[in-house]
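Enquirer: File name start27.txt; file contents compact mmCIF, C-alpha atoms and all ligand atoms; full text below.
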# COMPACT_ATOMS: atom_id res chain seq x y z
CA MET A 1 22.37 -14.50 3.84
CA LYS A 2 19.28 -16.24 2.43
CA ALA A 3 17.17 -14.19 0.04
CA ILE A 4 14.60 -14.47 -2.72
CA VAL A 5 16.56 -13.38 -5.77
CA CYS A 6 15.48 -11.83 -9.05
CA ARG A 7 18.29 -12.65 -11.54
CA THR A 8 16.36 -11.91 -14.74
CA HIS A 9 13.13 -9.92 -15.02
CA GLY A 10 10.02 -12.06 -15.18
CA LEU A 11 6.98 -13.45 -13.39
CA PRO A 12 7.13 -14.75 -9.77
CA HIS A 13 8.02 -18.33 -10.79
CA THR A 14 11.36 -17.06 -12.15
CA LEU A 15 12.48 -15.99 -8.65
CA GLU A 16 14.76 -18.32 -6.70
CA ILE A 17 15.86 -18.73 -3.10
CA ALA A 18 19.64 -18.31 -2.90
CA GLU A 19 22.54 -16.83 -0.92
CA LEU A 20 23.36 -13.13 -1.35
CA PRO A 21 26.22 -11.23 0.32
CA LEU A 22 25.28 -9.10 3.36
CA PRO A 23 24.45 -5.52 2.24
CA GLN A 24 27.33 -3.02 2.45
CA LEU A 25 26.18 -0.38 4.93
CA GLN A 26 26.39 3.26 3.73
CA PRO A 27 26.93 6.16 6.22
CA ASP A 28 23.24 7.20 6.11
CA GLU A 29 21.82 3.66 6.28
CA VAL A 30 20.49 1.28 8.91
CA LEU A 31 21.02 -2.50 8.75
CA ILE A 32 17.87 -4.40 9.75
CA LYS A 33 17.60 -8.10 10.62
CA VAL A 34 14.29 -8.77 8.94
CA ALA A 35 11.56 -10.50 10.96
CA TYR A 36 8.71 -10.01 8.48
CA CYS A 37 8.36 -8.43 5.05
CA GLY A 38 4.99 -7.16 3.77
CA VAL A 39 3.96 -8.08 0.22
CA ASN A 40 2.83 -5.19 -1.98
CA PHE A 41 1.61 -4.87 -5.56
CA PRO A 42 4.71 -2.89 -6.63
CA ASP A 43 6.77 -6.05 -5.82
CA THR A 44 4.95 -7.83 -8.67
CA LEU A 45 5.88 -4.98 -11.05
CA ILE A 46 9.49 -4.43 -9.98
CA ILE A 47 10.44 -8.08 -10.76
CA GLN A 48 9.03 -7.59 -14.29
CA ASN A 49 10.90 -4.27 -14.76
CA LYS A 50 7.51 -2.49 -15.00
CA TYR A 51 7.86 -0.18 -11.97
CA GLN A 52 9.29 3.30 -11.45
CA PHE A 53 12.25 1.85 -9.51
CA LYS A 54 14.67 -0.33 -11.47
CA PRO A 55 17.21 -1.97 -9.12
CA THR A 56 20.33 -3.50 -10.64
CA LEU A 57 20.15 -7.29 -11.14
CA PRO A 58 20.45 -9.49 -9.15
CA PHE A 59 18.28 -8.10 -6.34
CA ALA A 60 15.78 -9.26 -3.73
CA PRO A 61 12.28 -7.77 -4.02
CA GLY A 62 10.23 -6.85 -0.92
CA GLY A 63 9.56 -3.20 -0.05
CA GLU A 64 8.47 -3.12 3.58
CA VAL A 65 10.12 -4.82 6.54
CA ALA A 66 9.80 -4.95 10.30
CA GLY A 67 12.76 -6.17 12.34
CA ILE A 68 15.60 -5.29 14.68
CA VAL A 69 18.49 -2.89 13.96
CA THR A 70 21.88 -4.67 13.94
CA ALA A 71 24.13 -1.81 12.72
CA VAL A 72 23.87 1.91 11.92
CA GLY A 73 25.94 4.04 9.53
CA GLU A 74 28.18 6.79 10.97
CA ASN A 75 25.74 9.61 10.00
CA VAL A 76 22.65 8.00 11.55
CA VAL A 77 21.62 9.75 14.77
CA PRO A 78 18.28 8.80 16.32
CA ILE A 79 18.24 5.05 15.61
CA LYS A 80 20.29 2.58 17.68
CA VAL A 81 21.36 -1.07 17.51
CA GLY A 82 18.61 -3.20 19.09
CA ASP A 83 15.72 -0.86 18.19
CA PRO A 84 12.60 -2.48 16.74
CA VAL A 85 11.86 -0.66 13.49
CA VAL A 86 9.85 -0.62 10.31
CA GLY A 87 11.86 0.03 7.13
CA LEU A 88 10.16 1.15 3.92
CA CYS A 89 12.95 0.00 1.64
CA SER A 90 11.26 -0.30 -1.82
CA TRP A 91 13.17 -3.56 -2.48
CA GLY A 92 15.61 -5.90 -0.69
CA GLY A 93 13.18 -7.05 2.03
CA PHE A 94 12.76 -10.71 1.04
CA ALA A 95 16.13 -11.39 2.69
CA GLU A 96 17.56 -12.00 6.15
CA TYR A 97 19.10 -8.50 6.26
CA VAL A 98 18.41 -5.25 4.42
CA ALA A 99 20.16 -1.87 4.51
CA VAL A 100 17.68 1.04 4.43
CA LYS A 101 18.20 4.82 4.22
CA SER A 102 17.60 6.22 7.72
CA THR A 103 14.86 8.65 6.53
CA ARG A 104 12.86 5.53 5.57
CA VAL A 105 13.36 3.76 8.93
CA PHE A 106 10.97 4.41 11.83
CA ARG A 107 11.49 3.30 15.41
CA LEU A 108 8.61 1.33 16.95
CA PRO A 109 7.55 1.03 20.59
CA VAL A 110 9.33 -2.03 22.10
CA GLU A 111 6.08 -3.93 22.63
CA THR A 112 5.08 -3.64 18.94
CA ASN A 113 3.97 -6.82 17.18
CA LEU A 114 6.43 -6.95 14.24
CA LEU A 115 4.05 -9.07 12.13
CA THR A 116 1.29 -6.46 12.11
CA ALA A 117 3.89 -3.68 11.77
CA ALA A 118 5.26 -5.26 8.57
CA ALA A 119 1.70 -5.54 7.25
CA THR A 120 0.55 -2.04 8.05
CA PHE A 121 2.79 0.94 7.45
CA TYR A 122 3.39 1.12 3.69
CA ASN A 123 -0.33 0.79 2.94
CA TYR A 124 -1.39 3.17 5.69
CA ALA A 125 1.33 5.73 4.91
CA THR A 126 0.14 5.75 1.28
CA SER A 127 -3.54 6.05 2.14
CA TYR A 128 -3.02 8.61 4.92
CA HIS A 129 -0.95 10.79 2.58
CA ALA A 130 -3.64 10.36 -0.10
CA LEU A 131 -6.64 11.21 2.09
CA LYS A 132 -5.08 13.87 4.33
CA ASP A 133 -2.43 15.62 2.22
CA ARG A 134 -3.77 15.15 -1.32
CA ALA A 135 -7.59 15.01 -0.92
CA ASN A 136 -7.92 17.12 2.24
CA LEU A 137 -10.72 14.75 3.27
CA LYS A 138 -13.06 16.42 5.77
CA PRO A 139 -15.34 14.88 8.42
CA ASP A 140 -18.81 14.08 7.02
CA GLU A 141 -17.58 13.95 3.42
CA LYS A 142 -18.38 10.87 1.34
CA LEU A 143 -15.42 8.69 0.33
CA LEU A 144 -15.63 5.97 -2.34
CA VAL A 145 -12.78 3.42 -2.18
CA LEU A 146 -12.25 1.21 -5.27
CA GLY A 147 -10.39 -2.11 -4.93
CA ALA A 148 -11.35 -1.70 -1.30
CA GLY A 149 -10.21 -5.19 -0.27
CA SER A 150 -6.64 -4.44 -1.41
CA GLY A 151 -3.79 -3.56 0.95
CA VAL A 152 -4.03 0.16 0.28
CA GLY A 153 -7.83 -0.03 -0.13
CA LEU A 154 -8.51 -1.50 3.33
CA ALA A 155 -6.16 1.10 4.78
CA ALA A 156 -8.16 3.85 3.03
CA VAL A 157 -11.40 2.41 4.42
CA GLU A 158 -10.10 2.34 8.01
CA LEU A 159 -8.41 5.75 7.79
CA GLY A 160 -11.45 7.27 6.05
CA LYS A 161 -13.54 6.31 9.09
CA GLN A 162 -10.79 7.54 11.42
CA LEU A 163 -10.97 10.94 9.64
CA GLY A 164 -14.77 11.06 10.05
CA ALA A 165 -15.94 10.34 6.49
CA THR A 166 -18.83 8.17 5.30
CA VAL A 167 -17.07 5.30 3.52
CA ILE A 168 -18.44 3.41 0.51
CA ALA A 169 -16.28 0.35 -0.21
CA ALA A 170 -16.32 -1.09 -3.74
CA ALA A 171 -14.69 -4.39 -4.73
CA SER A 172 -15.10 -7.41 -7.00
CA ALA A 173 -16.22 -9.95 -4.35
CA ASP A 174 -18.61 -10.07 -1.39
CA GLU A 175 -15.88 -11.62 0.79
CA LYS A 176 -13.71 -8.55 0.21
CA LEU A 177 -16.64 -6.27 1.11
CA GLU A 178 -17.23 -8.20 4.36
CA ARG A 179 -13.63 -7.37 5.39
CA CYS A 180 -14.28 -3.72 4.53
CA LYS A 181 -17.38 -3.71 6.76
CA SER A 182 -15.24 -5.12 9.59
CA LYS A 183 -12.92 -2.10 9.09
CA GLY A 184 -15.91 0.26 9.41
CA ALA A 185 -17.17 0.73 5.82
CA ASP A 186 -20.71 2.13 5.88
CA PHE A 187 -21.72 0.70 2.48
CA GLY A 188 -20.42 -1.95 0.08
CA ILE A 189 -20.76 -2.26 -3.70
CA ASN A 190 -19.78 -5.43 -5.59
CA TYR A 191 -18.78 -4.01 -8.98
CA SER A 192 -18.48 -7.42 -10.60
CA MET A 193 -22.25 -7.85 -10.10
CA HIS A 194 -23.69 -4.31 -10.05
CA ASP A 195 -23.21 -1.15 -12.10
CA LEU A 196 -20.91 1.08 -10.05
CA LYS A 197 -22.40 4.45 -11.08
CA GLU A 198 -26.01 3.37 -10.44
CA SER A 199 -25.08 1.79 -7.09
CA VAL A 200 -23.26 4.93 -5.93
CA LYS A 201 -26.25 7.06 -7.01
CA GLU A 202 -28.57 5.03 -4.75
CA ILE A 203 -26.29 5.63 -1.75
CA ALA A 204 -25.15 9.18 -2.56
CA PRO A 205 -27.54 10.89 -5.03
CA GLY A 206 -25.31 14.02 -5.20
CA GLY A 207 -22.14 11.99 -5.80
CA VAL A 208 -19.08 11.36 -3.63
CA ASP A 209 -16.55 13.98 -2.49
CA VAL A 210 -13.43 11.82 -2.76
CA ILE A 211 -12.71 8.76 -4.91
CA TYR A 212 -9.68 6.64 -3.93
CA ASP A 213 -8.57 4.57 -6.93
CA PRO A 214 -5.76 1.97 -6.85
CA VAL A 215 -7.28 -0.03 -9.75
CA GLY A 216 -7.47 2.25 -12.83
CA GLY A 217 -8.57 0.90 -16.24
CA THR A 218 -12.20 1.04 -17.34
CA LEU A 219 -13.37 0.94 -13.71
CA ALA A 220 -11.80 4.37 -13.23
CA GLU A 221 -13.42 5.81 -16.35
CA ASN A 222 -16.79 4.72 -14.97
CA ALA A 223 -16.10 5.74 -11.36
CA ILE A 224 -15.21 9.37 -12.09
CA ARG A 225 -18.81 9.90 -13.27
CA SER A 226 -19.90 9.57 -9.60
CA ILE A 227 -17.88 12.56 -8.40
CA ALA A 228 -19.69 15.36 -6.52
CA TRP A 229 -19.29 19.12 -6.94
CA GLN A 230 -15.67 20.05 -6.12
CA GLY A 231 -14.82 16.38 -5.71
CA ARG A 232 -11.27 14.99 -5.72
CA TYR A 233 -10.30 11.89 -7.70
CA LEU A 234 -7.18 10.24 -6.23
CA VAL A 235 -5.03 8.42 -8.80
CA VAL A 236 -3.26 5.81 -6.63
CA GLY A 237 -2.45 2.93 -8.98
CA PHE A 238 -3.30 0.82 -11.99
CA ALA A 239 -3.62 -2.71 -10.62
CA ALA A 240 -5.99 -3.58 -13.49
CA GLY A 241 -3.03 -3.08 -15.84
CA SER A 242 -4.12 -0.05 -17.88
CA ILE A 243 -3.98 3.70 -17.33
CA PRO A 244 -7.46 5.27 -17.57
CA ASN A 245 -8.37 7.92 -20.15
CA PHE A 246 -10.55 10.38 -18.24
CA ALA A 247 -13.10 12.54 -20.07
CA ALA A 248 -11.86 16.06 -19.25
CA ASN A 249 -15.40 17.50 -19.31
CA ILE A 250 -16.22 15.76 -16.00
CA PRO A 251 -13.77 17.66 -13.75
CA LEU A 252 -14.76 20.83 -15.67
CA LEU A 253 -18.50 20.37 -15.05
CA LYS A 254 -17.98 19.34 -11.38
CA GLY A 255 -15.37 21.98 -10.54
CA GLY A 256 -13.38 18.92 -9.52
CA SER A 257 -9.75 17.77 -9.42
CA ILE A 258 -7.81 14.71 -10.53
CA VAL A 259 -5.04 14.39 -7.96
CA GLY A 260 -1.94 12.20 -8.18
CA VAL A 261 -0.64 10.23 -5.19
CA PHE A 262 2.97 8.97 -5.05
CA TRP A 263 3.97 8.10 -1.50
CA SER A 264 7.61 7.24 -2.28
CA GLY A 265 8.10 10.61 -4.02
CA PHE A 266 6.50 12.36 -1.03
CA ALA A 267 8.75 10.46 1.44
CA GLU A 268 11.83 11.40 -0.61
CA LYS A 269 11.01 15.08 -1.22
CA GLU A 270 9.21 15.88 2.04
CA PRO A 271 10.79 13.67 4.74
CA VAL A 272 9.73 15.94 7.62
CA ARG A 273 6.01 15.86 6.70
CA ASN A 274 6.23 12.14 5.97
CA GLY A 275 7.96 11.58 9.32
CA ALA A 276 5.09 13.38 11.09
CA ASN A 277 2.54 11.21 9.28
CA MET A 278 4.47 8.08 10.25
CA GLN A 279 4.57 9.12 13.93
CA GLN A 280 0.78 9.56 13.87
CA LEU A 281 0.31 6.14 12.28
CA ILE A 282 2.73 4.46 14.72
CA GLN A 283 0.78 6.01 17.61
CA TRP A 284 -2.59 4.84 16.21
CA HIS A 285 -1.10 1.38 15.62
CA SER A 286 0.18 1.15 19.21
CA GLU A 287 -3.23 2.30 20.50
CA GLY A 288 -4.93 -0.44 18.46
CA LYS A 289 -6.79 2.12 16.32
CA ILE A 290 -5.35 0.87 13.01
CA SER A 291 -4.06 -2.51 11.91
CA GLN A 292 -3.92 -4.17 8.52
CA GLN A 293 -5.96 -7.30 7.83
CA ILE A 294 -3.46 -10.16 7.45
CA TYR A 295 -4.47 -12.64 4.75
CA LYS A 296 -1.68 -15.18 5.21
CA THR A 297 1.92 -15.53 6.39
CA TYR A 298 4.30 -17.27 3.92
CA PRO A 299 7.77 -18.72 4.71
CA LEU A 300 10.62 -17.08 2.73
CA ALA A 301 10.80 -19.92 0.18
CA GLU A 302 7.12 -19.32 -0.66
CA ALA A 303 7.45 -15.58 -1.28
CA PRO A 304 7.06 -16.16 -5.07
CA GLN A 305 3.71 -17.87 -4.34
CA ALA A 306 2.64 -14.83 -2.30
CA LEU A 307 3.37 -12.61 -5.32
CA GLN A 308 1.47 -14.98 -7.61
CA ASP A 309 -1.55 -14.96 -5.23
CA MET A 310 -1.46 -11.17 -5.35
CA MET A 311 -1.43 -11.17 -9.16
CA ASP A 312 -4.37 -13.63 -9.08
CA ARG A 313 -6.40 -11.12 -6.97
CA LYS A 314 -6.71 -13.69 -4.15
CA ILE A 315 -5.30 -11.60 -1.32
CA ILE A 316 -7.67 -9.68 0.95
CA GLY A 317 -5.68 -7.12 2.91
CA LYS A 318 -2.09 -8.22 3.26
CA ALA A 319 0.24 -11.16 2.68
CA VAL A 320 3.40 -11.23 4.80
CA VAL A 321 6.65 -13.17 4.33
CA GLN A 322 8.13 -14.50 7.58
CA LEU A 323 11.91 -14.71 8.16
CA VAL A 324 12.05 -15.66 11.85
N1 LIG B 401 0.65 5.72 -5.42
C1 LIG B 401 1.33 5.14 -4.44
O1 LIG B 401 2.10 5.77 -3.74
C2 LIG B 401 1.11 3.67 -4.22
C3 LIG B 401 1.62 3.03 -3.07
C4 LIG B 401 1.34 1.66 -2.90
C5 LIG B 401 0.59 0.97 -3.85
N2 LIG B 401 0.16 1.64 -4.96
C6 LIG B 401 -0.62 0.97 -5.99
O2 LIG B 401 -1.88 0.62 -5.45
C7 LIG B 401 -2.37 -0.53 -6.13
C8 LIG B 401 -2.78 -1.57 -5.12
O3 LIG B 401 -1.65 -2.01 -4.37
P1 LIG B 401 -1.80 -3.11 -3.21
O4 LIG B 401 -0.44 -3.45 -2.74
O5 LIG B 401 -2.82 -2.67 -2.25
O6 LIG B 401 -2.34 -4.33 -4.10
P2 LIG B 401 -3.36 -5.54 -3.86
O7 LIG B 401 -3.59 -5.76 -2.42
O8 LIG B 401 -2.87 -6.65 -4.70
O9 LIG B 401 -4.72 -5.01 -4.50
C9 LIG B 401 -4.93 -4.74 -5.84
C10 LIG B 401 -6.45 -4.72 -6.06
O10 LIG B 401 -6.70 -4.30 -7.39
C11 LIG B 401 -7.83 -4.97 -7.90
N3 LIG B 401 -7.53 -5.47 -9.25
C12 LIG B 401 -8.26 -5.21 -10.35
N4 LIG B 401 -7.73 -5.80 -11.43
C13 LIG B 401 -6.62 -6.45 -11.00
C14 LIG B 401 -5.66 -7.27 -11.68
N5 LIG B 401 -5.73 -7.49 -12.99
N6 LIG B 401 -4.67 -7.81 -10.93
C15 LIG B 401 -4.57 -7.58 -9.61
N7 LIG B 401 -5.46 -6.79 -8.92
C16 LIG B 401 -6.49 -6.25 -9.62
C17 LIG B 401 -8.20 -6.10 -6.93
O11 LIG B 401 -9.40 -5.70 -6.30
P3 LIG B 401 -10.83 -6.22 -6.85
O12 LIG B 401 -10.64 -7.70 -7.11
O13 LIG B 401 -11.74 -5.94 -5.74
O14 LIG B 401 -11.08 -5.42 -8.10
C18 LIG B 401 -7.07 -6.09 -5.89
O15 LIG B 401 -7.58 -6.26 -4.58
C19 LIG B 401 -1.26 -0.99 -7.07
O16 LIG B 401 -1.52 -0.48 -8.38
C20 LIG B 401 -0.03 -0.33 -6.50
O17 LIG B 401 0.98 -0.13 -7.46
C21 LIG B 401 0.40 2.96 -5.14
What is this file in structure tokens?

Expert:
Amino acid sequence: MKAIVCRTHGLPHTLEIAELPLPQLQPDEVLIKVAYCGVNFPDTLIIQNKYQFKPTLPFAPGGEVAGIVTAVGENVVPIKVGDPVVGLCSWGGFAEYVAVKSTRVFRLPVETNLLTAAATFYNYATSYHALKDRANLKPDEKLLVLGAGSGVGLAAVELGKQLGATVIAAASADEKLERCKSKGADFGINYSMHDLKESVKEIAPGGVDVIYDPVGGTLAENAIRSIAWQGRYLVVGFAAGSIPNFAANIPLLKGGSIVGVFWSGFAEKEPVRNGANMQQLIQWHSEGKISQQIYKTYPLAEAPQALQDMMDRKIIGKAVVQLV
């Protein structure tokens, strides 16, 4: 089968399109003929050997696919050949076929658009878990989303509104903030032009209840100063490249919490709760209540360019690699 192959760790230009053998199906796995594969920031890290997961070389990156089931392992019960599914595979998705553990495969309604499905569920599963399970976000609370034009950021904006919060989107470009407004953001802050803390203070003088942070670095060290009494700071990722050093006096003085978010760990350790979250998201997706903003669709051979565009901060919402 055709695949984008990582033979040695490195930047996107070191990837090549090549033939790989079909995956060997394990008893608890589902074989998916990939229609589309979503592009996510962890893909850019995994090929450089900088991510939590370290697949054996050679491997295909690509952590989120939508497609049709072509075979199921002997222990797999609810999923059948021919089902349209989304598979949250962590890697292996930039390929014509991928084998995915059945607890990470979710059946979709037959009429589902596989392009938007491949663009939506990893980001929304992460942000839903973050806002609902980790922050316990309540209606009428104030939510600040950093890197709000990112895949997970736009999902947090849309889900924050869905959960009844007032959403303040913060990003480095006005174009990104326009997309956030189209997803329901109540306010926008361009942090490449304005001081984040002062801008938040104008909108929310008492601070914000929840801060969703996929960026990290110095932005995070500044952002935590805007937290309200008993606020929750969600540590989602470090796209800026450095892990923030928080001043511990701030959570002390605000009676607040710094809360970690790791969706893959949650999916692995708590598959029943994750499955319930996924069913909710699939229902909202089929009702048209949630859908990721698609930036661009790339053919398989251009998947390395999609990863490079992501590293260059060009992507607003989601890039998707097309295999059909
Ligand atoms: N914890 C979890 O379970 C989980 C799950 C999925 C993803 N993540 C993490 O969430 C983060 C975002 O993922 P994503 O797929 O949504 O990525 P993405 O769409 O590429 O967004 C990353 C955002 O980070 C900001 N950024 C700041 N400095 C950057 C830099 N040097 N390079 C690239 N981006 C930079 C950019 O926003 P501005 O230009 O507006 O600043 C960009 O929109 C990543 O750190 C990823 O590892 C965590």

Enquirer: What does the list of residues within 6 Å of ligand LIG 401 (chain B) look like if you count all atoms listed in the file, written as a list in words?

Expert: Asn40, Phe41, Pro42, Thr126, Gly147, Gly149, Ser150, Gly151, Val152, Ala171, Ser172, Pro214, Val215, Val236, Gly237, Phe238, Ala239, Ala240, Gly241, Val261, Phe262, Trp263, Ser264, Met310, Met311, Arg313 and Gly317 of chain A

Enquirer: Using atom CA of Leu252 of chain A and atom CA of Phe266 of chain A as the two end points, give the distance in Å to one decimal.

Expert: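 We find that atom CA of Leu252 of chain A and atom CA of Phe266 of chain A lie 27.2 Å from each other.
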
Enquirer: Can you list, as number ranges by chain, every protein, DNA or RNA residue that comes within 7 Å of Met1 of chain A when you count only C-alpha atoms, leaving out same-chain residues fewer than 4 positions away?

Expert: A: 19-22, 96

Enquirer: In Å, rounded to a single decimal, give me how far atom CA of His129 of chain A is from atom CA of Tyr212 of chain A.

Expert: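 So the two atoms, atom CA of Tyr212 of chain A and atom CA of His129 of chain A, lie 11.7 Å apart.
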
Enquirer: Up to 7 Å from (25.8, 3.6, 10.2) in the file's coordinates: name the residues, counting only C-alpha atoms, as JSON, numbers by chain.

Expert: {"A": [25, 26, 27, 28, 29, 30, 71, 72, 73, 74, 75, 76]}

Enquirer: Could you tell me how far atom CA of Ser102 of chain A sits from atom CA of Pro58 of chain A, in Å to one decimal place?

Expert: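 Calculated distance between atom CA of Pro58 of chain A and atom CA of Ser102 of chain A is 23.2 Å.
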
Enquirer: Contacts of Ala60 of chain A at 8 Å or less, counting all atoms listed in the file, minus same-chain residues fewer than 2 places along, as a PDB file with C-alpha atoms, keeping the file's coordinate frame?

Expert:
ATOM      1  CA  ALA A   3      17.170 -14.190   0.040  1.00  0.00           C
ATOM      2  CA  ILE A   4      14.600 -14.470  -2.720  1.00  0.00           C
ATOM      3  CA  VAL A   5      16.560 -13.380  -5.770  1.00  0.00           C
ATOM      4  CA  CYS A   6      15.480 -11.830  -9.050  1.00  0.00           C
ATOM      5  CA  PRO A  58      20.450  -9.490  -9.150  1.00  0.00           C
ATOM      6  CA  GLY A  62      10.230  -6.850  -0.920  1.00  0.00           C
ATOM      7  CA  TRP A  91      13.170  -3.560  -2.480  1.00  0.00           C
ATOM      8  CA  GLY A  92      15.610  -5.900  -0.690  1.00  0.00           C
ATOM      9  CA  GLY A  93      13.180  -7.050   2.030  1.00  0.00           C
ATOM     10  CA  PHE A  94      12.760 -10.710   1.040  1.00  0.00           C
ATOM     11  CA  ALA A  95      16.130 -11.390   2.690  1.00  0.00           C
TER      12      ALA A  95
END

Enquirer: So which residues are close to (-11.1, 2.0, 0.9), meaning at most 7 Å away in the file's coordinates with only C-alpha atoms counted, and can you show them as a VMD selection string?

Expert: chain A and resid 144 to 146 148 153 to 157 169 212

Enquirer: Between A:Ala170, A:Leu234, A:Leu15, A:Ile315, single out the one closest to Leu300 of chain A, counting all atoms listed in the file.

Expert: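 Looking only at the distances to Leu300 of chain A, the closest residue turns out to be A:Leu15.
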
Enquirer: Could you check which of A:Ile243, A:Leu196, A:Val208, A:Ala135 is closest to Ala223 of chain A, using all atoms listed in the file?

Expert: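 Once distances to Ala223 of chain A are computed over all atoms listed in the file, the minimum belongs to A:Leu196.
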